[in-house]
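*Asks:* Sharing query22.cif, mmCIF, C-alpha atoms and all ligand atoms:
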```cif
data_structure
loop_
_atom_site.label_atom_id
_atom_site.label_comp_id
_atom_site.auth_asym_id
_atom_site.auth_seq_id
_atom_site.Cartn_x
_atom_site.Cartn_y
_atom_site.Cartn_z
CA MET L 1 0.00 0.00 0.00
CA SER L 2 1.04 3.60 -0.34
CA PHE L 3 -0.33 7.05 0.20
CA ASP L 4 -0.89 9.86 -2.30
CA PRO L 5 -1.95 13.06 -0.50
CA ALA L 6 -3.36 14.64 -3.69
CA SER L 7 -5.74 11.82 -4.52
CA PHE L 8 -6.67 11.49 -0.85
CA ARG L 9 -7.50 15.19 -0.73
CA ALA L 10 -9.57 14.94 -3.92
CA GLN L 11 -12.04 12.71 -2.04
CA PHE L 12 -13.12 15.67 0.13
CA PRO L 13 -15.70 17.97 -1.52
CA ILE L 14 -14.99 20.81 0.94
CA PHE L 15 -11.69 21.54 -0.80
CA ALA L 16 -13.50 22.15 -4.10
CA ALA L 17 -16.33 24.19 -2.56
CA PRO L 18 -16.46 27.86 -3.53
CA THR L 19 -15.12 30.01 -0.72
CA PRO L 20 -14.98 33.78 -0.29
CA GLY L 21 -11.42 35.06 0.12
CA PRO L 22 -8.26 32.99 -0.10
CA ALA L 23 -8.38 29.22 -0.75
CA LEU L 24 -9.03 27.05 2.29
CA HIS L 25 -6.10 25.59 4.23
CA TYR L 26 -7.83 23.47 6.84
CA LEU L 27 -5.64 22.92 9.90
CA ASP L 28 -8.40 22.36 12.45
CA SER L 29 -9.08 18.65 12.05
CA GLY L 30 -8.55 18.14 15.79
CA ALA L 31 -11.78 20.09 16.31
CA SER L 32 -13.68 18.39 13.44
CA ALA L 33 -12.20 16.53 10.50
CA GLN L 34 -13.63 17.02 7.02
CA THR L 35 -15.67 14.19 5.61
CA PRO L 36 -15.09 12.40 2.29
CA ARG L 37 -17.67 12.27 -0.49
CA HIS L 38 -18.44 8.58 -0.11
CA VAL L 39 -19.22 8.99 3.61
CA ILE L 40 -21.58 11.89 2.85
CA GLU L 41 -23.18 9.71 0.17
CA ALA L 42 -23.54 6.69 2.48
CA PHE L 43 -25.24 8.90 5.05
CA ALA L 44 -27.62 10.39 2.45
CA HIS L 45 -28.19 7.04 0.71
CA HIS L 46 -29.33 5.49 3.97
CA ASP L 47 -31.97 8.17 4.53
CA ALA L 48 -32.98 8.04 0.85
CA THR L 49 -33.45 4.27 0.78
CA ALA L 50 -33.83 2.81 4.27
CA ARG L 51 -35.06 5.55 6.60
CA ALA L 52 -37.08 4.05 9.44
CA ASN L 53 -36.72 3.54 13.14
CA VAL L 54 -34.46 0.74 14.33
CA LYS L 55 -34.86 -2.24 16.65
CA ARG L 56 -38.65 -2.12 16.82
CA GLY L 57 -40.40 -2.30 13.44
CA VAL L 58 -41.13 -5.47 11.49
CA HIS L 59 -41.71 -3.90 8.08
CA ARG L 60 -38.99 -4.13 5.49
CA LEU L 61 -37.69 -0.58 5.88
CA ALA L 62 -37.40 -1.01 9.64
CA GLU L 63 -35.50 -4.24 9.09
CA ALA L 64 -33.20 -2.59 6.54
CA ALA L 65 -32.54 0.31 8.91
CA THR L 66 -31.81 -2.04 11.81
CA GLU L 67 -29.46 -4.07 9.68
CA ALA L 68 -27.60 -0.95 8.51
CA TYR L 69 -27.31 0.30 12.09
CA GLU L 70 -26.00 -3.04 13.37
CA THR L 71 -23.59 -3.25 10.42
CA ALA L 72 -22.17 0.08 11.60
CA ARG L 73 -21.74 -1.41 15.06
CA LEU L 74 -19.76 -4.27 13.53
CA ALA L 75 -17.53 -1.75 11.74
CA ALA L 76 -16.85 0.05 15.04
CA ALA L 77 -16.08 -3.28 16.74
CA ARG L 78 -13.63 -4.19 13.95
CA TYR L 79 -11.99 -0.75 14.08
CA LEU L 80 -11.31 -1.07 17.81
CA ASN L 81 -10.65 -4.84 17.66
CA ALA L 82 -13.39 -5.25 20.28
CA PRO L 83 -14.02 -8.88 21.19
CA SER L 84 -17.76 -8.48 20.52
CA PRO L 85 -20.11 -5.91 18.93
CA ARG L 86 -22.19 -6.19 22.14
CA GLU L 87 -19.44 -4.09 23.71
CA ILE L 88 -19.99 -1.18 21.29
CA VAL L 89 -22.42 1.49 22.51
CA PHE L 90 -23.31 4.30 20.14
CA THR L 91 -23.35 7.66 21.90
CA GLY L 92 -23.55 11.28 20.81
CA GLY L 93 -19.74 11.59 20.88
CA THR L 94 -16.79 11.32 23.23
CA THR L 95 -18.51 13.62 25.70
CA GLY L 96 -21.61 11.42 25.74
CA ALA L 97 -19.49 8.29 26.15
CA ILE L 98 -17.52 9.63 29.11
CA ASN L 99 -20.65 10.98 30.79
CA LEU L 100 -22.19 7.52 30.41
CA VAL L 101 -19.24 5.88 32.18
CA ALA L 102 -19.08 8.58 34.86
CA SER L 103 -22.76 8.10 35.58
CA SER L 104 -23.13 4.32 35.25
CA PHE L 105 -19.71 3.03 36.31
CA GLY L 106 -19.69 5.90 38.82
CA ALA L 107 -22.92 4.55 40.31
CA LEU L 108 -20.90 1.56 41.49
CA MET L 109 -18.48 3.79 43.41
CA ALA L 110 -18.66 4.70 47.08
CA LYS L 111 -17.71 7.82 49.02
CA GLY L 112 -13.92 8.05 49.20
CA ASP L 113 -13.32 5.96 46.07
CA GLU L 114 -10.78 7.62 43.79
CA VAL L 115 -10.69 8.50 40.10
CA LEU L 116 -7.31 9.46 38.69
CA LEU L 117 -7.28 11.96 35.79
CA SER L 118 -4.48 13.98 34.24
CA VAL L 119 -3.91 17.69 33.86
CA LEU L 120 -3.89 17.16 30.08
CA GLU L 121 -7.54 16.13 29.93
CA HIS L 122 -10.19 17.82 27.84
CA HIS L 123 -13.02 19.26 29.95
CA SER L 124 -15.19 16.35 28.82
CA ASN L 125 -12.90 14.02 30.78
CA ILE L 126 -12.87 16.30 33.83
CA VAL L 127 -16.31 17.79 34.39
CA PRO L 128 -18.31 14.50 34.33
CA TRP L 129 -16.06 13.29 37.16
CA GLN L 130 -16.60 16.52 39.08
CA LEU L 131 -20.35 15.98 38.74
CA LEU L 132 -19.85 12.46 40.10
CA GLN L 133 -17.74 13.87 42.92
CA ALA L 134 -20.62 16.16 43.89
CA ARG L 135 -23.12 13.26 43.74
CA ARG L 136 -21.16 10.47 45.40
CA GLY L 137 -18.28 12.04 47.31
CA ILE L 138 -15.56 10.40 45.24
CA VAL L 139 -12.04 11.83 45.33
CA LEU L 140 -10.35 13.17 42.18
CA LYS L 141 -6.60 12.97 41.80
CA VAL L 142 -4.57 14.43 38.96
CA ILE L 143 -1.46 13.21 37.13
CA PRO L 144 0.67 16.30 36.36
CA ALA L 145 2.32 17.02 32.99
CA THR L 146 6.00 16.95 32.13
CA VAL L 147 7.64 20.08 30.70
CA ASP L 148 7.21 18.67 27.18
CA GLY L 149 3.46 18.26 27.59
CA ARG L 150 3.14 14.55 28.36
CA LEU L 151 1.53 12.78 31.29
CA ASP L 152 4.18 12.57 34.01
CA LEU L 153 3.91 8.82 34.39
CA ASP L 154 6.77 8.71 36.91
CA ARG L 155 4.18 10.08 39.34
CA LEU L 156 1.72 7.25 38.73
CA ASP L 157 2.85 4.91 41.47
CA GLY L 158 2.41 7.62 44.10
CA LEU L 159 -1.06 8.52 42.83
CA VAL L 160 -2.77 5.13 42.54
CA GLY L 161 -3.75 3.36 45.73
CA PRO L 162 -6.20 0.87 47.21
CA ARG L 163 -9.14 3.26 46.72
CA THR L 164 -8.43 3.96 43.03
CA ARG L 165 -11.35 2.64 41.00
CA LEU L 166 -10.60 4.21 37.64
CA VAL L 167 -7.78 5.93 35.77
CA ALA L 168 -9.28 8.10 33.03
CA VAL L 169 -6.75 9.57 30.61
CA THR L 170 -6.40 10.81 27.09
CA HIS L 171 -4.78 8.65 24.40
CA CYS L 172 -3.50 11.80 22.68
CA SER L 173 -3.63 15.33 24.04
CA ASN L 174 -5.76 17.71 21.98
CA VAL L 175 -3.36 20.51 23.02
CA THR L 176 0.14 19.05 22.91
CA GLY L 177 -0.33 16.15 20.48
CA ALA L 178 1.55 13.84 22.89
CA LEU L 179 0.56 10.17 22.77
CA THR L 180 0.13 8.52 26.14
CA ASP L 181 2.12 5.40 27.03
CA LEU L 182 -1.00 3.46 27.99
CA GLY L 183 1.03 0.35 28.87
CA ARG L 184 2.36 2.10 31.97
CA VAL L 185 -1.11 3.38 32.89
CA VAL L 186 -2.65 -0.07 32.54
CA ALA L 187 0.13 -1.66 34.62
CA ALA L 188 -0.25 0.88 37.44
CA ALA L 189 -4.05 0.53 37.43
CA ALA L 190 -3.88 -3.27 37.37
CA ALA L 191 -1.54 -3.25 40.38
CA VAL L 192 -4.36 -1.77 42.49
CA GLY L 193 -7.30 -3.43 40.71
CA ALA L 194 -8.47 -0.19 39.04
CA LYS L 195 -10.01 0.08 35.56
CA VAL L 196 -8.75 2.31 32.74
CA LEU L 197 -10.86 4.61 30.56
CA VAL L 198 -9.22 6.12 27.50
CA ASP L 199 -10.39 9.29 25.78
CA GLY L 200 -9.54 8.38 22.19
CA ALA L 201 -11.08 11.47 20.56
CA GLN L 202 -7.75 12.60 19.08
CA ARG L 203 -6.16 9.21 18.51
CA ALA L 204 -8.94 7.19 16.87
CA PRO L 205 -8.98 9.33 13.68
CA HIS L 206 -5.33 8.34 13.04
CA GLY L 207 -5.76 4.65 12.38
CA PRO L 208 -7.35 1.55 13.89
CA VAL L 209 -7.03 0.95 17.61
CA ASP L 210 -6.59 -2.41 19.32
CA VAL L 211 -8.33 -2.20 22.67
CA GLN L 212 -7.39 -5.79 23.49
CA ALA L 213 -3.69 -5.17 22.91
CA LEU L 214 -3.89 -1.93 24.90
CA GLY L 215 -5.45 -3.79 27.81
CA VAL L 216 -7.78 -0.91 28.70
CA ASP L 217 -11.39 -1.21 29.92
CA PHE L 218 -13.27 1.66 28.24
CA TYR L 219 -12.46 3.54 25.03
CA ALA L 220 -14.36 6.59 23.74
CA PHE L 221 -14.22 8.54 20.48
CA SER L 222 -16.29 10.89 18.29
CA GLY L 223 -17.50 10.35 14.73
CA HIS L 224 -17.00 13.92 13.54
CA LYS L 225 -13.26 13.86 14.30
CA ALA L 226 -12.93 10.48 12.56
CA PHE L 227 -14.13 11.77 9.15
CA GLY L 228 -17.72 10.74 9.95
CA PRO L 229 -20.92 12.65 10.68
CA ASN L 230 -21.75 14.78 13.70
CA GLY L 231 -23.91 13.54 16.54
CA ILE L 232 -22.47 10.03 16.73
CA GLY L 233 -19.74 8.58 18.89
CA VAL L 234 -18.59 5.27 20.25
CA LEU L 235 -18.09 3.89 23.70
CA TRP L 236 -16.39 0.51 23.91
CA GLY L 237 -16.44 -1.21 27.30
CA ARG L 238 -15.65 -4.73 28.46
CA ALA L 239 -18.87 -6.75 28.55
CA PRO L 240 -18.67 -7.77 32.25
CA LEU L 241 -18.30 -4.10 33.22
CA LEU L 242 -21.13 -2.91 30.96
CA ASP L 243 -23.30 -5.78 32.23
CA ALA L 244 -22.70 -4.73 35.84
CA MET L 245 -23.40 -1.03 35.24
CA PRO L 246 -26.91 0.43 35.66
CA PRO L 247 -28.43 2.27 32.67
CA PHE L 248 -27.42 5.85 31.94
CA MET L 249 -30.70 7.10 30.47
CA GLY L 250 -34.14 5.55 30.62
CA GLY L 251 -36.55 5.32 27.71
CA GLY L 252 -37.58 3.19 24.79
CA GLU L 253 -35.51 0.24 23.60
CA MET L 254 -33.30 0.00 26.68
CA ILE L 255 -35.79 -2.12 28.61
CA SER L 256 -36.64 -5.77 28.88
CA HIS L 257 -40.00 -5.13 30.58
CA VAL L 258 -41.72 -2.05 31.99
CA SER L 259 -44.43 -1.98 34.61
CA PHE L 260 -45.35 0.46 37.36
CA ALA L 261 -44.13 -2.11 39.84
CA GLY L 262 -40.65 -1.82 38.34
CA SER L 263 -38.75 -2.25 35.10
CA SER L 264 -35.92 -4.44 33.90
CA TRP L 265 -33.22 -3.71 31.37
CA ALA L 266 -32.35 -4.99 27.94
CA PRO L 267 -29.00 -6.73 27.51
CA ILE L 268 -26.02 -4.63 26.39
CA PRO L 269 -25.58 -2.64 24.23
CA ASN L 270 -29.29 -1.75 24.08
CA LYS L 271 -29.36 -1.07 27.84
CA PHE L 272 -27.26 2.01 27.10
CA GLU L 273 -29.06 3.17 23.95
CA ALA L 274 -32.33 4.66 25.19
CA GLY L 275 -34.56 6.22 22.54
CA THR L 276 -34.06 6.52 18.81
CA PRO L 277 -30.33 6.57 18.11
CA PRO L 278 -28.57 8.65 15.44
CA ILE L 279 -29.13 6.05 12.70
CA ALA L 280 -27.87 7.67 9.49
CA PRO L 281 -24.88 9.15 11.40
CA ALA L 282 -24.03 5.64 12.61
CA VAL L 283 -24.19 4.36 9.03
CA GLY L 284 -21.90 7.20 7.93
CA LEU L 285 -19.48 6.48 10.75
CA GLY L 286 -19.39 2.77 9.94
CA THR L 287 -18.53 3.65 6.35
CA ALA L 288 -15.81 6.04 7.51
CA LEU L 289 -14.28 3.47 9.87
CA ASP L 290 -14.17 0.70 7.26
CA TRP L 291 -12.49 3.14 4.88
CA LEU L 292 -9.98 4.32 7.54
CA ALA L 293 -9.16 0.70 8.37
CA GLY L 294 -8.11 0.10 4.76
CA LEU L 295 -5.59 2.98 4.54
CA ASP L 296 -1.82 2.67 4.77
CA TRP L 297 -1.28 4.23 8.17
CA SER L 298 2.48 3.90 8.33
CA ALA L 299 2.74 5.99 5.14
CA ILE L 300 0.09 8.44 6.36
CA LEU L 301 1.69 8.92 9.77
CA ALA L 302 5.08 9.50 8.09
CA HIS L 303 3.40 12.16 5.89
CA GLU L 304 1.66 13.82 8.85
CA LEU L 305 4.82 13.79 10.97
CA ARG L 306 6.90 15.32 8.19
CA LEU L 307 4.38 18.19 8.03
CA THR L 308 4.36 18.37 11.84
CA GLY L 309 8.14 18.77 11.79
CA ARG L 310 7.79 21.65 9.34
CA ILE L 311 5.29 23.37 11.66
CA LEU L 312 7.49 22.85 14.73
CA ASP L 313 10.55 24.28 12.93
CA GLY L 314 8.63 27.20 11.44
CA VAL L 315 6.91 28.17 14.69
CA ALA L 316 10.17 27.88 16.66
CA ARG L 317 11.66 30.50 14.29
CA LEU L 318 8.91 33.03 15.02
CA PRO L 319 10.11 35.66 17.51
CA GLY L 320 8.59 35.17 20.99
CA SER L 321 7.03 31.78 20.25
CA ARG L 322 6.56 29.02 22.80
CA ILE L 323 5.49 25.54 21.79
CA LEU L 324 3.41 23.57 24.29
CA GLY L 325 4.26 19.95 23.93
CA PRO L 326 6.97 17.68 22.61
CA ALA L 327 9.57 19.54 20.54
CA GLY L 328 10.35 16.35 18.58
CA LEU L 329 8.41 13.83 16.53
CA GLN L 330 8.53 10.81 18.88
CA GLN L 331 5.31 9.47 20.38
CA ARG L 332 3.14 12.26 19.05
CA LEU L 333 0.52 13.08 16.44
CA GLY L 334 0.11 16.14 14.25
CA VAL L 335 -1.29 18.57 16.79
CA VAL L 336 0.87 21.62 17.51
CA SER L 337 -0.06 24.33 20.02
CA PHE L 338 1.91 27.48 20.59
CA ALA L 339 1.76 30.87 22.24
CA LEU L 340 3.12 34.04 20.67
CA ASP L 341 4.39 36.56 23.18
CA GLY L 342 2.00 39.46 23.69
CA LEU L 343 -0.50 38.26 21.07
CA HIS L 344 -3.99 36.92 21.73
CA PRO L 345 -4.57 33.57 19.98
CA HIS L 346 -7.93 34.76 18.62
CA ASP L 347 -6.34 37.79 16.93
CA VAL L 348 -3.70 35.57 15.33
CA CYS L 349 -6.25 32.99 14.13
CA GLN L 350 -8.60 35.60 12.68
CA LEU L 351 -5.83 37.36 10.81
CA VAL L 352 -4.27 34.18 9.41
CA ASP L 353 -7.71 33.07 8.19
CA ALA L 354 -8.51 36.44 6.62
CA THR L 355 -5.17 36.91 4.89
CA HIS L 356 -4.09 33.34 4.06
CA GLY L 357 -7.24 31.21 4.34
CA VAL L 358 -5.77 29.09 7.13
CA ALA L 359 -8.30 27.57 9.56
CA LEU L 360 -6.71 27.23 13.01
CA ARG L 361 -8.09 26.94 16.50
CA GLY L 362 -7.29 29.58 19.11
CA GLY L 363 -8.20 29.54 22.79
CA HIS L 364 -8.03 27.19 25.75
CA HIS L 365 -9.06 24.12 23.71
CA CYS L 366 -11.36 22.97 26.53
CA ALA L 367 -8.25 22.31 28.59
CA GLN L 368 -8.24 25.20 31.06
CA PRO L 369 -6.41 23.31 33.84
CA LEU L 370 -3.52 22.65 31.43
CA MET L 371 -3.50 26.27 30.25
CA GLU L 372 -3.44 27.50 33.84
CA SER L 373 -0.60 25.15 34.73
CA CYS L 374 1.35 26.71 31.83
CA GLY L 375 0.43 30.26 32.85
CA LEU L 376 -1.48 30.88 29.61
CA VAL L 377 -5.06 31.81 28.72
CA GLY L 378 -4.82 30.00 25.43
CA THR L 379 -2.76 28.98 22.46
CA VAL L 380 -2.96 28.82 18.69
CA ARG L 381 -3.37 25.22 17.51
CA ALA L 382 -2.76 23.61 14.15
CA SER L 383 -4.02 20.04 13.82
CA LEU L 384 -3.42 17.81 10.84
CA ALA L 385 -5.24 15.17 8.84
CA PRO L 386 -3.96 13.14 5.88
CA TYR L 387 -5.47 15.63 3.39
CA ASN L 388 -3.04 18.33 4.48
CA ASP L 389 -0.07 19.05 2.26
CA ASP L 390 2.97 21.29 1.99
CA GLY L 391 0.82 24.07 0.53
CA ASP L 392 -1.14 24.18 3.80
CA ILE L 393 2.04 24.44 5.84
CA ASP L 394 3.47 27.15 3.54
CA ALA L 395 0.25 29.17 3.97
CA LEU L 396 0.35 28.65 7.74
CA LEU L 397 3.95 29.75 8.17
CA ASP L 398 3.61 32.73 5.78
CA GLY L 399 0.34 33.71 7.48
CA LEU L 400 1.84 33.50 10.97
CA ALA L 401 4.90 35.54 10.00
CA ALA L 402 2.65 38.22 8.47
CA ALA L 403 0.30 38.22 11.47
CA VAL L 404 3.17 38.58 13.92
CA ARG L 405 4.57 41.50 11.91
CA GLN L 406 1.18 43.23 11.68
CA LEU L 407 0.03 42.65 15.27
CA ARG L 408 3.34 43.67 16.79
CA ALA L 409 3.80 46.72 14.54
N1 LIG L 501 -11.62 14.69 24.27
C1 LIG L 501 -10.71 15.24 23.46
C2 LIG L 501 -9.26 14.92 23.65
C3 LIG L 501 -11.13 16.12 22.46
O1 LIG L 501 -10.22 16.68 21.65
C4 LIG L 501 -12.50 16.40 22.32
C5 LIG L 501 -13.00 17.36 21.25
N2 LIG L 501 -12.34 18.57 21.21
C6 LIG L 501 -13.39 15.77 23.18
C7 LIG L 501 -12.92 14.93 24.14
C8 LIG L 501 -14.87 16.02 23.09
O2 LIG L 501 -15.37 15.50 21.91
P1 LIG L 501 -16.89 15.76 21.47
O3 LIG L 501 -17.09 17.24 21.56
O4 LIG L 501 -16.95 15.26 20.07
O5 LIG L 501 -17.76 15.00 22.41
#
```
Reformat the file's structure so that it appears as structure tokens.
Ligand code: PMP

*Replies:*
Amino acid sequence: MSFDPASFRAQFPIFAAPTPGPALHYLDSGASAQTPRHVIEAFAHHDATARANVKRGVHRLAEAATEAYETARLAAARYLNAPSPREIVFTGGTTGAINLVASSFGALMAKGDEVLLSVLEHHSNIVPWQLLQARRGIVLKVIPATVDGRLDLDRLDGLVGPRTRLVAVTHCSNVTGALTDLGRVVAAAAAVGAKVLVDGAQRAPHGPVDVQALGVDFYAFSGHKAFGPNGIGVLWGRAPLLDAMPPFMGGGEMISHVSFAGSSWAPIPNKFEAGTPPIAPAVGLGTALDWLAGLDWSAILAHELRLTGRILDGVARLPGSRILGPAGLQQRLGVVSFALDGLHPHDVCQLVDATHGVALRGGHHCAQPLMESCGLVGTVRASLAPYNDDGDIDALLDGLAAAVRQLRA
């Protein structure tokens, strides 16, 4: 297999869409990736040919819709190498998946039980645990970051203990791009009998994941960052854990029997999928995941890291720049955050968009604890996908140099 960035890029209609101003250089895939034509078509084709509710009807459209939805679940199971599709729960996204675990796995926790997070977490892997803390009196502990923006795993042994029930950490930081050495996290958690939840929002879009090889217990990611539709996400959890957890939401399709004397729950995964799920989005996501699974990821990662290296070098040359995260290319993905002395990230992003058509993200990236620990209110972030090319990086570096000149003039 090999990888040709130009033909990959040609699969994405957004890059041919008319746009006011300069041509689009999309470097915000960490927020939402663009979606290829065939995924958009699969999504639309489902609604055009098999739109009906799932799991309940007996007419042919309902059966076709149910089959398409369950086929998407199989695709998600394959993508994560989950032992069984029963372990795949469709959610609204990573946020929905983590809230589900915080609520339902959290319901099994007692006052004084501990959840270990890291300072690199996105708010969606912090706030659900704070809500649980308020409800159940659990204790939150935090793994600090190293100076190069990784989890400081040397601190793990001192942070886990007999009351640790869960270690919930990111697979890849949405700010620093650092990949987490999950082997060390799993070993430390196993030593005290704790489970491990992984926020895979930034990692899952960069190639298939093997949850069995990782040895983790829960894995969450979002469809819209993985080249799929909005409004769909995946939670994988080990069947015995999901079986033991109470439902998250109540409603249709998650029950076995309902009476006013009491109700009982459907087996997993339906127990966690109350109400009508996002059906066409699931079909689109399944299509995206099968397509991602067939790509040559060693070639793609080499391409993305070469571009990442260009960004790191170019940003380091800007006067007054500070990169948050690993300075090198080891154990990282193509997410680069940086501060520019005296300049607000929003001003930089707006100017670079207006003058050079470069879409960046500026702000705290839903990681305020990390920003505070670095003494910053926010950063500028460039995040890559395989459709990016040298032209995007040229536009970024030219745009940043021009913005710095103009804003500091
Ligand atoms: N975790 C990480 C690391 C993220 O980057 C994001 C999205 N910015 C999320 C969680 C939340 O994802 P979503 O908004 O799709 O639920």

*Asks:* Show which residues sit within 8 Å of stretch 267-281 of chain L, as an NGL selection string. Count all atoms listed in the file, and ignore same-chain residues fewer than 4 positions away.

*Replies:* :L and (43-44 or 46-47 or 53-54 or 65 or 69 or 86-92 or 228-232 or 239 or 242-243 or 247-256 or 285)

*Asks:* Please report, as JSON lines, each residue of chain L lying at most 6 Å from ligand LIG 501 (chain L), together with the nearest pair of atoms and the separation in Å rounded to one decimal; use all atoms listed in the file, and order rows by chain and ascending residue number.

*Replies:*
```
{"residue": "L:Ala31", "atom": "CA", "partner": "L:LIG501", "partner_atom": "N2", "distance": 5.2}
{"residue": "L:Gly93", "atom": "CA", "partner": "L:LIG501", "partner_atom": "O5", "distance": 4.2}
{"residue": "L:Thr94", "atom": "CA", "partner": "L:LIG501", "partner_atom": "O5", "distance": 3.9}
{"residue": "L:Thr95", "atom": "CA", "partner": "L:LIG501", "partner_atom": "O5", "distance": 3.6}
{"residue": "L:His122", "atom": "CA", "partner": "L:LIG501", "partner_atom": "N1", "distance": 5.0}
{"residue": "L:Ser124", "atom": "CA", "partner": "L:LIG501", "partner_atom": "C7", "distance": 5.4}
{"residue": "L:Ser173", "atom": "CA", "partner": "L:LIG501", "partner_atom": "C2", "distance": 5.7}
{"residue": "L:Asn174", "atom": "CA", "partner": "L:LIG501", "partner_atom": "O1", "distance": 4.6}
{"residue": "L:Asp199", "atom": "CA", "partner": "L:LIG501", "partner_atom": "N1", "distance": 5.7}
{"residue": "L:Ala201", "atom": "CA", "partner": "L:LIG501", "partner_atom": "C1", "distance": 4.8}
{"residue": "L:Gln202", "atom": "CA", "partner": "L:LIG501", "partner_atom": "C2", "distance": 5.3}
{"residue": "L:Ser222", "atom": "CA", "partner": "L:LIG501", "partner_atom": "O4", "distance": 4.8}
```

*Asks:* For the residues selected in the previous step, produce a file with C-alpha atoms as a short mmCIF file (atom, residue, chain, number, x, y, z; two decimals), in the frame of the given file.

*Replies:*
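Contents of selection-v4.cif, freshly written:
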```
data_model
loop_
_atom_site.label_atom_id
_atom_site.label_comp_id
_atom_site.auth_asym_id
_atom_site.auth_seq_id
_atom_site.Cartn_x
_atom_site.Cartn_y
_atom_site.Cartn_z
CA ALA L 31 -11.78 20.09 16.31
CA GLY L 93 -19.74 11.59 20.88
CA THR L 94 -16.79 11.32 23.23
CA THR L 95 -18.51 13.62 25.70
CA HIS L 122 -10.19 17.82 27.84
CA SER L 124 -15.19 16.35 28.82
CA SER L 173 -3.63 15.33 24.04
CA ASN L 174 -5.76 17.71 21.98
CA ASP L 199 -10.39 9.29 25.78
CA ALA L 201 -11.08 11.47 20.56
CA GLN L 202 -7.75 12.60 19.08
CA SER L 222 -16.29 10.89 18.29
#
```

*Asks:* Measure the distance from atom CA of L:Ser321 to atom CA of L:Ala145 in Å and round it to one decimal.

*Replies:*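 That distance, rounded to one decimal, is 20.1 Å.
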
*Asks:* Using only C-alpha atoms, determine which residues lie at most 6 Å from L:Ala75, disregarding the query and same-chain residues fewer than 3 positions distant; provide the list as a ChimeraX atom specification.

*Replies:* /L:72,78,286

*Asks:* Rounded to one decimal place, report the atom CA of L:Leu370-atom CA of L:Val119 distance in Å.

*Replies:* 5.5 Å

*Asks:* Taking only C-alpha atoms into account, which of L:Ser373, L:Ala339, L:Leu301, L:Val283 comes nearest L:Glu70?

*Replies:*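 Looking at the shortest contact to L:Glu70, the residue is L:Val283.
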
*Asks:* Provide stretch 194-207 of chain L rebuilt to N, CA and C atoms, formatted as an mmCIF file, keeping the file's coordinate frame.

*Replies:*
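What ended up in out18.cif:
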```cif
data_model
loop_
_atom_site.group_PDB
_atom_site.id
_atom_site.type_symbol
_atom_site.label_atom_id
_atom_site.label_comp_id
_atom_site.auth_asym_id
_atom_site.auth_seq_id
_atom_site.Cartn_x
_atom_site.Cartn_y
_atom_site.Cartn_z
ATOM 1 N N ALA L 194 -7.636 -1.260 39.603
ATOM 2 C CA ALA L 194 -8.470 -0.190 39.040
ATOM 3 C C ALA L 194 -8.678 -0.426 37.537
ATOM 4 N N LYS L 195 -9.727 0.147 36.989
ATOM 5 C CA LYS L 195 -10.010 0.080 35.560
ATOM 6 C C LYS L 195 -9.432 1.306 34.871
ATOM 7 N N VAL L 196 -9.326 1.202 33.520
ATOM 8 C CA VAL L 196 -8.750 2.310 32.740
ATOM 9 C C VAL L 196 -9.724 2.740 31.649
ATOM 10 N N LEU L 197 -10.063 4.017 31.646
ATOM 11 C CA LEU L 197 -10.860 4.610 30.560
ATOM 12 C C LEU L 197 -9.944 5.467 29.708
ATOM 13 N N VAL L 198 -10.059 5.329 28.396
ATOM 14 C CA VAL L 198 -9.220 6.120 27.500
ATOM 15 C C VAL L 198 -10.098 7.028 26.643
ATOM 16 N N ASP L 199 -9.761 8.320 26.665
ATOM 17 C CA ASP L 199 -10.390 9.290 25.780
ATOM 18 C C ASP L 199 -9.618 9.234 24.460
ATOM 19 N N GLY L 200 -10.224 8.570 23.467
ATOM 20 C CA GLY L 200 -9.540 8.380 22.190
ATOM 21 C C GLY L 200 -9.939 9.384 21.127
ATOM 22 N N ALA L 201 -10.541 10.515 21.545
ATOM 23 C CA ALA L 201 -11.080 11.470 20.560
ATOM 24 C C ALA L 201 -10.024 11.904 19.541
ATOM 25 N N GLN L 202 -8.785 12.121 20.007
ATOM 26 C CA GLN L 202 -7.750 12.600 19.080
ATOM 27 C C GLN L 202 -6.959 11.473 18.431
ATOM 28 N N ARG L 203 -6.967 10.300 19.054
ATOM 29 C CA ARG L 203 -6.160 9.210 18.510
ATOM 30 C C ARG L 203 -6.917 8.365 17.480
ATOM 31 N N ALA L 204 -8.197 8.116 17.746
ATOM 32 C CA ALA L 204 -8.940 7.190 16.870
ATOM 33 C C ALA L 204 -8.971 7.625 15.404
ATOM 34 N N PRO L 205 -8.977 8.940 15.093
ATOM 35 C CA PRO L 205 -8.980 9.330 13.680
ATOM 36 C C PRO L 205 -7.672 9.010 12.951
ATOM 37 N N HIS L 206 -6.643 8.576 13.671
ATOM 38 C CA HIS L 206 -5.330 8.340 13.040
ATOM 39 C C HIS L 206 -5.003 6.866 12.953
ATOM 40 N N GLY L 207 -6.007 6.062 12.625
ATOM 41 C CA GLY L 207 -5.760 4.650 12.380
ATOM 42 C C GLY L 207 -6.412 3.743 13.404
#
```
